[in-house]
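Chemist: Handing you a structure now.
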Amino acid sequence: MHKRAAPDDQFPEIVCEHRARQDSQKMELEGDTLPTLSQSVQRIAVIGDTGCRIRRSRVQDCNDPDAWPLKSIAAEIASRSPDLVIHVGDYLYRSAECPEPEKCGGSPFGDNFQTWSADWLDPADRLLKLAPFVFIRGNHENCGRGSKGWFRYFAPGFVPSDCPAVTEPWIASVNGLNLIAFDSSAGPAPQSSTELLNVYGKMARDLFANISGETWFLTHRPLWVNMHAFGELIDGDDTQRAAFSRAIPETVNLFLSGHIHAFQAIDLLDGPVQGISGNGGTQLDPMPTGVVTDVKVAGNLASVVANNGDFGFLMLTRQADSNWLMEAIDETGAARNRCRLVRRALSCE
């Protein structure tokens with residue numbers, strides 16, 4: 001084990017790291033058993049956008065477990081004993097001093113240990129001790145927001161002295177499934193960025209050059225969205241679509257994202273399925289619950305779009321190779337949407 005990060009004015013603790021083999025079957029630290037990756041990954045939970053929002057006029061009631069249900073959502077995930085949990089980004093939402101004491105009086109704010117503890121580490125403590133995680137960087141972890149805590153606790157590699165706007169993607173292979181972890185935290189999304197387009201384009205060529213077998217692409221900002229909110233049509237991230245769309249191999253079946261504070265699953269007729277699981281605790285976006293068919297999404301025809309505007313998470317259970325049951329679960333444990341993902345084909349109830 002080595003020291004990953006030293007204490008400073010905002011983070012008083014030492015962070016240590018041990019790089020274990022992926023096939024490690026047992027790990028202990030001071031008598032506590034640490035989670036290890038199953039050799040047969042069958043159940044994958046996906047959660048995103050989990051912190052309690054305190055920002056200007058948008059103030060969430062962090063003291064009300066119904067208004068901010070992250071702890072109960074994390075407990076519900078833990079009760080299902082997932083083999084792996086994917087957090088698709090946006091952990092830190094307490095960015096300003098609380099203006100409404102009855103909702104969040106005394107709450108920490110800013111990029112520091114106390115806020116990271118309140119927004120993620122403490123409410124997710126049981127789940128963090130139970131299952132291995134893949135962590136994705138969201139725009140709330142970009143430079144100037146929550147980047148210090150992100151690089152201190154969750155980013156792969158060593159803690160950089162200067163905050164990089166974009167970090168290199170990486171790939172994990174688990175039980176025949178490739179997971180591409182991509183950093184889409186930067187940029188003026190959804191508007192297109194020429195600078196990012198060039199960076200993403202090169203990354204896409206390198207990523208997709210040698211991919212074989214079933215692959216999921218994990219990126220905080222979704223490429224495709226079907227939502228009417230805040231007086232506009234929101235259809236996804238232009239830059240990633242422009243950089244990736246023509247290069248995506250047939251083996252990439254699923255994009256998993258957050259950023260939109262709801263659940264959505266989109267079955268593109270000529271492309272992969274887009275799943276969105278951004279309803280992990282942060283104030284929800286207006287999303288009607290139900291299933292619609294034959295919808296245009298960012299110029300592409302989608303045969304199915306399944307929606308759910310409640311708090312919760314996504315559970316993917318392997319049925320066979322490239323065949324998954326996809327369930328949108330709410331904080332009470334009820335399945336609000338149930339879909340079947342077979343390669344690139346999605347059918348929903």
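Simple scheme: letters A, B, ... for chains in structure tokens order, numbers from 1 for residues in each chain, numbers from 1 for ligands in the order shown.
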I'd like the contact shell of stretch 194-196 of chain A - 10 Å cut-off, only C-alpha atoms, skipping same-chain residues fewer than 5 positions apart - returned as a VMD selection string.

Modeler: chain A and resid 166 184 186 to 188 201 to 202 239 to 240 243

Chemist: Could you give me, as a ChimeraX atom specification, the residues within 9 Å of A:Gln274, counting only C-alpha atoms and dropping anything in the same chain fewer than 4 positions from it?

Modeler: /A:222-225,253-257,264-268

Chemist: Identify, on the basis of only C-alpha atoms, every residue whose closest approach to A:Asn337 does not exceed 8 Å; exclude the query and any residue fewer than 3 positions from it along the same chain; express the result as a short mmCIF file (atom, residue, chain, number, x, y, z; two decimals) with C-alpha atoms, in the first residue's frame.

Modeler:
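Saved result, part.cif, follows:
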data_model
loop_
_atom_site.label_atom_id
_atom_site.label_comp_id
_atom_site.auth_asym_id
_atom_site.auth_seq_id
_atom_site.Cartn_x
_atom_site.Cartn_y
_atom_site.Cartn_z
CA GLY A 290 -43.95 5.48 -19.61
CA ALA A 306 -38.66 4.21 -21.88
CA ASN A 307 -38.90 6.96 -19.24
CA ASN A 308 -39.15 7.24 -15.47
CA GLU A 327 -34.79 -2.69 -14.58
CA ALA A 328 -35.33 0.87 -13.35
CA ILE A 329 -35.78 0.41 -9.60
CA CYS A 348 -39.62 -2.51 -22.73
CA GLU A 349 -42.79 -2.93 -20.70
#

Chemist: Using only C-alpha atoms for the distances, tell me which of A:Gly258, A:Pro69, A:Gly271, A:Gly312 is nearest to A:Gly236.

Modeler: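 When distances to A:Gly236 are compared using only C-alpha atoms, the smallest one comes from A:Gly258.
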
Chemist: List every residue of stretch 15-55 of chain A that has an atom at most 10 Å from any atom of stretch 101-116 of chain A, and for each one report the closest atom pair and its distance in Å to one decimal, counting only C-alpha atoms, with rows sorted by chain and then by increasing residue number, as CSV.

Modeler:
residue,atom,partner,partner_atom,distance
A:Gly51,CA,A:Trp116,CA,9.0
A:Cys52,CA,A:Cys104,CA,9.3
A:Arg53,CA,A:Cys104,CA,9.8
A:Ile54,CA,A:Phe109,CA,8.2
A:Arg55,CA,A:Phe109,CA,9.7

Chemist: Keeping only N, CA and C atoms, write the selected residues as an mmCIF file, in the first residue's frame.

Modeler:
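So the final result, stored in result.cif, reads:
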data_model
loop_
_atom_site.group_PDB
_atom_site.id
_atom_site.type_symbol
_atom_site.label_atom_id
_atom_site.label_comp_id
_atom_site.auth_asym_id
_atom_site.auth_seq_id
_atom_site.Cartn_x
_atom_site.Cartn_y
_atom_site.Cartn_z
ATOM 1 N N GLY A 51 -25.681 13.670 -5.272
ATOM 2 C CA GLY A 51 -25.544 14.625 -4.180
ATOM 3 C C GLY A 51 -26.789 15.460 -3.947
ATOM 4 N N CYS A 52 -26.800 16.204 -2.841
ATOM 5 C CA CYS A 52 -27.926 17.065 -2.472
ATOM 6 C C CYS A 52 -27.651 18.484 -2.967
ATOM 7 N N ARG A 53 -28.513 18.974 -3.827
ATOM 8 C CA ARG A 53 -28.263 20.255 -4.501
ATOM 9 C C ARG A 53 -28.482 21.452 -3.565
ATOM 10 N N ILE A 54 -27.420 22.244 -3.406
ATOM 11 C CA ILE A 54 -27.510 23.538 -2.726
ATOM 12 C C ILE A 54 -26.779 24.537 -3.613
ATOM 13 N N ARG A 55 -27.562 25.294 -4.377
ATOM 14 C CA ARG A 55 -26.955 26.237 -5.310
ATOM 15 C C ARG A 55 -27.948 27.356 -5.622
#

Chemist: Among stretch 199-322 of chain A, which residues does DSSP mark as strand (DSSP E or B) when it is run on the backbone? Keep the chain and numbering as in the structure and answer as a PyMOL selection string.

Modeler: chain A and resi 215-219+227-229+232-234+252-257+263-268+273-277+290-297+300-308+312-320

Chemist: Export N, CA and C atoms of the chosen residues as a short mmCIF file (atom, residue, chain, number, x, y, z; two decimals), in the first residue's frame?

Modeler:
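After the write, again.cif holds the following:
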data_model
loop_
_atom_site.label_atom_id
_atom_site.label_comp_id
_atom_site.auth_asym_id
_atom_site.auth_seq_id
_atom_site.Cartn_x
_atom_site.Cartn_y
_atom_site.Cartn_z
N THR A 215 -19.41 -4.80 -25.42
CA THR A 215 -18.81 -3.60 -24.84
C THR A 215 -19.88 -2.60 -24.43
N TRP A 216 -19.70 -2.01 -23.24
CA TRP A 216 -20.52 -0.89 -22.78
C TRP A 216 -19.63 0.34 -22.67
N PHE A 217 -20.18 1.48 -23.03
CA PHE A 217 -19.44 2.75 -23.00
C PHE A 217 -20.03 3.60 -21.87
N LEU A 218 -19.19 3.92 -20.89
CA LEU A 218 -19.64 4.66 -19.70
C LEU A 218 -19.16 6.10 -19.81
N THR A 219 -20.08 7.04 -19.90
CA THR A 219 -19.76 8.46 -20.04
C THR A 219 -20.84 9.28 -19.35
N MET A 227 -35.99 14.68 -24.11
CA MET A 227 -36.62 15.35 -22.97
C MET A 227 -36.98 16.78 -23.35
N HIS A 228 -38.19 17.17 -23.03
CA HIS A 228 -38.63 18.56 -23.16
C HIS A 228 -38.66 19.14 -21.74
N ALA A 229 -37.78 20.10 -21.48
CA ALA A 229 -37.70 20.67 -20.14
C ALA A 229 -37.10 22.06 -20.21
N GLU A 232 -37.13 23.98 -23.53
CA GLU A 232 -36.36 23.58 -24.71
C GLU A 232 -36.37 22.07 -24.87
N LEU A 233 -35.97 21.64 -26.06
CA LEU A 233 -35.78 20.22 -26.34
C LEU A 233 -34.33 19.87 -26.03
N ILE A 234 -34.14 18.89 -25.18
CA ILE A 234 -32.80 18.42 -24.83
C ILE A 234 -32.60 17.07 -25.52
N VAL A 252 -20.24 -2.48 -29.56
CA VAL A 252 -20.65 -1.55 -28.49
C VAL A 252 -22.18 -1.52 -28.47
N ASN A 253 -22.76 -2.21 -27.51
CA ASN A 253 -24.21 -2.37 -27.45
C ASN A 253 -24.91 -1.28 -26.66
N LEU A 254 -24.21 -0.73 -25.66
CA LEU A 254 -24.89 0.12 -24.69
C LEU A 254 -24.00 1.28 -24.26
N PHE A 255 -24.58 2.49 -24.27
CA PHE A 255 -23.98 3.66 -23.63
C PHE A 255 -24.71 3.88 -22.31
N LEU A 256 -23.96 4.05 -21.22
CA LEU A 256 -24.54 4.31 -19.91
C LEU A 256 -24.09 5.68 -19.43
N SER A 257 -25.05 6.51 -19.03
CA SER A 257 -24.76 7.89 -18.66
C SER A 257 -25.63 8.32 -17.49
N PHE A 263 -34.55 8.46 -15.24
CA PHE A 263 -34.17 7.26 -15.99
C PHE A 263 -34.71 7.37 -17.40
N GLN A 264 -33.88 6.95 -18.35
CA GLN A 264 -34.34 6.84 -19.73
C GLN A 264 -33.53 5.76 -20.44
N ALA A 265 -34.20 5.02 -21.32
CA ALA A 265 -33.54 4.04 -22.18
C ALA A 265 -34.04 4.26 -23.60
N ILE A 266 -33.10 4.41 -24.54
CA ILE A 266 -33.42 4.74 -25.93
C ILE A 266 -32.86 3.66 -26.84
N ASP A 267 -33.73 3.07 -27.65
CA ASP A 267 -33.31 2.05 -28.61
C ASP A 267 -33.24 2.69 -30.00
N LEU A 268 -32.04 3.04 -30.43
CA LEU A 268 -31.85 3.63 -31.75
C LEU A 268 -31.91 2.53 -32.81
N VAL A 273 -27.88 1.16 -27.78
CA VAL A 273 -28.89 1.62 -26.83
C VAL A 273 -28.25 2.65 -25.91
N GLN A 274 -28.98 3.73 -25.63
CA GLN A 274 -28.54 4.73 -24.65
C GLN A 274 -29.34 4.55 -23.37
N GLY A 275 -28.63 4.25 -22.27
CA GLY A 275 -29.27 4.19 -20.97
C GLY A 275 -28.85 5.38 -20.13
N ILE A 276 -29.79 5.95 -19.39
CA ILE A 276 -29.52 7.10 -18.51
C ILE A 276 -30.01 6.75 -17.12
N SER A 277 -29.11 6.85 -16.14
CA SER A 277 -29.47 6.59 -14.75
C SER A 277 -28.93 7.74 -13.90
N GLY A 290 -43.24 6.24 -18.59
CA GLY A 290 -43.95 5.48 -19.61
C GLY A 290 -43.03 5.04 -20.73
N VAL A 291 -43.60 4.46 -21.76
CA VAL A 291 -42.86 3.98 -22.93
C VAL A 291 -43.51 4.57 -24.17
N VAL A 292 -42.69 5.17 -25.04
CA VAL A 292 -43.19 5.68 -26.32
C VAL A 292 -42.41 5.00 -27.44
N THR A 293 -42.97 4.99 -28.63
CA THR A 293 -42.35 4.32 -29.77
C THR A 293 -42.21 5.27 -30.94
N ASP A 294 -41.26 4.93 -31.82
CA ASP A 294 -41.04 5.65 -33.08
C ASP A 294 -40.88 7.15 -32.85
N VAL A 295 -39.77 7.49 -32.19
CA VAL A 295 -39.47 8.88 -31.82
C VAL A 295 -38.16 9.29 -32.48
N LYS A 296 -38.09 10.53 -32.96
CA LYS A 296 -36.83 11.07 -33.47
C LYS A 296 -36.02 11.63 -32.30
N VAL A 297 -34.77 11.16 -32.18
CA VAL A 297 -33.88 11.63 -31.13
C VAL A 297 -32.59 12.11 -31.78
N ASN A 300 -32.05 10.86 -35.19
CA ASN A 300 -32.06 9.40 -35.34
C ASN A 300 -33.42 8.86 -34.92
N LEU A 301 -33.89 7.84 -35.61
CA LEU A 301 -35.16 7.23 -35.24
C LEU A 301 -34.94 6.22 -34.12
N ALA A 302 -35.71 6.37 -33.05
CA ALA A 302 -35.68 5.42 -31.94
C ALA A 302 -36.96 4.62 -31.94
N SER A 303 -36.83 3.31 -31.92
CA SER A 303 -38.02 2.46 -31.93
C SER A 303 -38.72 2.47 -30.58
N VAL A 304 -37.93 2.60 -29.50
CA VAL A 304 -38.48 2.59 -28.14
C VAL A 304 -37.76 3.63 -27.30
N VAL A 305 -38.51 4.39 -26.51
CA VAL A 305 -37.95 5.26 -25.48
C VAL A 305 -38.73 5.00 -24.20
N ALA A 306 -38.04 4.47 -23.18
CA ALA A 306 -38.66 4.21 -21.88
C ALA A 306 -38.22 5.29 -20.90
N ASN A 307 -39.18 5.84 -20.14
CA ASN A 307 -38.90 6.96 -19.24
C ASN A 307 -39.39 6.67 -17.83
N ASN A 308 -38.72 7.33 -16.87
CA ASN A 308 -39.15 7.24 -15.47
C ASN A 308 -38.61 8.46 -14.75
N GLY A 312 -34.14 6.66 -8.05
CA GLY A 312 -33.82 5.25 -8.09
C GLY A 312 -32.49 4.95 -8.74
N PHE A 313 -32.39 3.77 -9.32
CA PHE A 313 -31.16 3.29 -9.93
C PHE A 313 -31.52 2.29 -11.01
N LEU A 314 -30.52 1.86 -11.73
CA LEU A 314 -30.70 0.90 -12.82
C LEU A 314 -30.04 -0.41 -12.43
N MET A 315 -30.72 -1.52 -12.64
CA MET A 315 -30.16 -2.84 -12.35
C MET A 315 -30.13 -3.65 -13.64
N LEU A 316 -28.95 -4.15 -13.98
CA LEU A 316 -28.78 -4.98 -15.17
C LEU A 316 -28.39 -6.38 -14.72
N THR A 317 -29.19 -7.36 -15.10
CA THR A 317 -28.96 -8.75 -14.70
C THR A 317 -28.74 -9.59 -15.95
N ARG A 318 -27.61 -10.27 -15.99
CA ARG A 318 -27.26 -11.06 -17.17
C ARG A 318 -28.17 -12.28 -17.29
N GLN A 319 -28.75 -12.46 -18.48
CA GLN A 319 -29.57 -13.63 -18.78
C GLN A 319 -28.79 -14.65 -19.61
N ALA A 320 -27.94 -14.15 -20.48
CA ALA A 320 -27.08 -14.96 -21.34
C ALA A 320 -26.06 -14.00 -21.94
#

Chemist: Between A:Asp310, A:Pro288, A:Arg58, A:Phe158, which one has atoms that come closest to A:Lys3, using only C-alpha atoms?

Modeler: A:Phe158

Chemist: Show which residues sit within 8 Å of A:Trp170, as a list in words. Count only C-alpha atoms, and ignore same-chain residues fewer than 5 positions away.

Modeler: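 Once the nearby chain positions are removed, what remains is Ile180, Ala181 and Phe182 of chain A.
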